[in-house]
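Chemist: Before anything else, here's the structure in question.
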Amino acid sequence: MMQEDRRNRVIMLGDMIARTGLRPAFARLDRTARAARAWASRGVAATLGVTAWAMACAAYAQEPVVPAAMPVVGAAALPRDLSPWGMFVSADDVVKAVIIGLAFASFVTWTIWLAKVIEIFVARRRTRAALRTLAAAPSMADVRSVARPGADFVAAAAAELRLSADVADKDGLKERIASRLERIEAALGRRISRATGVLATIGATAPFVGLFGTVWGIMNSFIGISKSHTTNLAVVAPGIAEALLATAFGLAAAIPAVVIYNVFARSTAGYRAQLGDASAEVLRLASRDLDRRALGRPPISAAAE
């Protein structure tokens with residue numbers, strides 16, 4: 001019943017449209033709707049096409065662009081040996097010269113250390129033995145066999161006493177003896193300090209020499225970067241490492257030199273103090289003999305005591 005009702009209503013609506021002349025209007029409305037649907041479908045297709053084109057451009061922009069002139073560095077072209085010896089062999093000639101010079105300076109440092117250790121040890125041992133002998137002697141005449149440098153002090157004092165035998169001024173004679181002893185003391189101090197200035201020079205200049213080699217090597221590394229048109233760390237790092245090797249050699253040469261120089265400075269100061277004690281002992285013996293001579297007494301020997 002309901003379907004028949006609907007059918008009857010549709011038939012009545014069609015008759016009414018036919019009688020009233022609205023059929024052409026509805027036909028035009030239908031054509032407009034169809035045209036709108038066609039344009040809408042075309043717009044959707046255009047929009048989808050524009051979207052696909054934009055996505056393709058974005059994907060192309062994300063791809064890395066490799067210039068045709070850029071060389072491709074293969075794994076075989078990269079340096080393999082980054083040990084100290086390998087870096088030295090592949091370093092620049094100027095860096096090699098700096099490293100060789102610093103290695104020679106380090107060799108000189110340790111050679112001076114070995115020689116001065118033996119020299120200072122022997123010198124201080126002899127000075128201590130001479131001090132014991134001079135302290136036990138009651139007069140200059142009793143000092144017959146004494147180790148150097150005590151023998152040098154005694155010989156200088158005896159020579160001045162012999163040259164001034166006809167002089168009655170004891171104060172002037174003591175001053176002349178003290179002057180001779182001071183000169184001997186200064187000469188022995190200069191002798192024990194030989195070659196320590198080389199240590200000071202190496203310790204002060206070796207870091208800067210190594211820094212010069214580093215600057216030169218880094219400069220060559222940057223020049224290589226500009227020529228190869230790449231900032232790949234595997235290509236740049238070996239040259240920088242070779243440059244830093246010069247700084248390492250500079251520090252390896254400078255640090256021991258400074259430490260050894262300070263140790264020798266303290267040892268030399270102690271040795272000079274011992275020389276001063278030996279000089280004072282000889283001066284006391286000479287003054288004692290002069291006072292006995294003034295009183296008309298002969299010098300007292302250890303055998304007489």
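Ordering of the structure tokens sets the chain letters (A, B, ...); residue numbers start at 1 within each chain; ligands are numbered from 1 in the order shown.
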Might you pull out every residue within 9 Å of Val154 in chain A, with only C-alpha atoms counted and same-chain residues fewer than 5 positions away left off, and present them as a PyMOL selection string?
Modeler: chain A and resi 140+143+146+149+159+181+279+282-283+286
Chemist: Only C-alpha atoms, please: the residues just picked out, written as a PDB file, in the first residue's frame.
Modeler:
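Full text of part.pdb as output:
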ATOM      1  CA  MET A 140     148.727  24.474  57.484  1.00  0.00           C
ATOM      2  CA  VAL A 143     147.912  19.363  55.758  1.00  0.00           C
ATOM      3  CA  VAL A 146     144.178  16.256  51.072  1.00  0.00           C
ATOM      4  CA  PRO A 149     139.559  20.856  45.915  1.00  0.00           C
ATOM      5  CA  ALA A 159     151.740  30.438  48.031  1.00  0.00           C
ATOM      6  CA  LEU A 181     140.395  31.313  47.900  1.00  0.00           C
ATOM      7  CA  SER A 279     137.726  27.783  51.898  1.00  0.00           C
ATOM      8  CA  VAL A 282     141.858  26.904  55.016  1.00  0.00           C
ATOM      9  CA  LEU A 283     141.493  30.566  55.941  1.00  0.00           C
ATOM     10  CA  ALA A 286     146.262  30.348  57.776  1.00  0.00           C
TER      11      ALA A 286
END
Chemist: Would you pick out the contacts of range 203-211 of chain A at 10 Å or less, using only C-alpha atoms, so that residues sharing its chain but fewer than 3 positions from it are not included, and give the list as an MDAnalysis selection string?
Modeler: chainID A and resid 95 98:99 101:102 105:106 109 197:200 214:217 243:261
Chemist: Please determine, counting only C-alpha atoms, which residue among A:Pro238, A:Gly213, A:Pro84, A:Gly172 has the shortest atom-to-atom distance to Leu290 in chain A.
Modeler: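 Using only C-alpha atoms, the shortest distance to Leu290 in chain A belongs to A:Gly172.
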Chemist: For Ala265 in chain A, please output as a list in words all residues within 9 Å (counting only C-alpha atoms; exclusion window: fewer than 5 positions along the same chain).
Modeler: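 Within the cut-off, the hits are Ser193, Thr196, Ile260 and Gly270 of chain A.
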Chemist: Smallest atom-to-atom distance to Pro138 in chain A: which of A:Leu161, A:Leu173, A:Leu285, A:Ala237, using only C-alpha atoms?
Modeler: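 That would be A:Leu285, the residue with the smallest distance to Pro138 in chain A.
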Chemist: Could you please determine the separation between CA of Leu114 in chain A and CA of Thr201 in chain A in Å, to one decimal place?
Modeler: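 For CA of Leu114 in chain A relative to CA of Thr201 in chain A, the distance reads 17.8 Å.
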Chemist: Between CA of Glu185 in chain A and CA of Gly276 in chain A, what is the spacing in Å?
Modeler: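 Distance between the two atoms: 7.0 Å.
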Chemist: Tell me, as an mmCIF file with C-alpha atoms, in the first residue's frame, which residues lie within 10 Å of Ser145 in chain A, counting only C-alpha atoms; anything in the same chain fewer than 3 positions away does not count.
Modeler:
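New file part-v6.cif:
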data_model
loop_
_atom_site.group_PDB
_atom_site.id
_atom_site.type_symbol
_atom_site.label_atom_id
_atom_site.label_comp_id
_atom_site.auth_asym_id
_atom_site.auth_seq_id
_atom_site.Cartn_x
_atom_site.Cartn_y
_atom_site.Cartn_z
ATOM 1 C CA ALA A 130 138.694 17.376 52.093
ATOM 2 C CA THR A 133 140.843 16.432 56.591
ATOM 3 C CA ASP A 142 150.051 19.427 58.919
ATOM 4 C CA ARG A 148 140.846 18.199 45.737
ATOM 5 C CA GLY A 150 141.036 21.124 49.429
ATOM 6 C CA ALA A 151 144.526 20.731 47.953
#
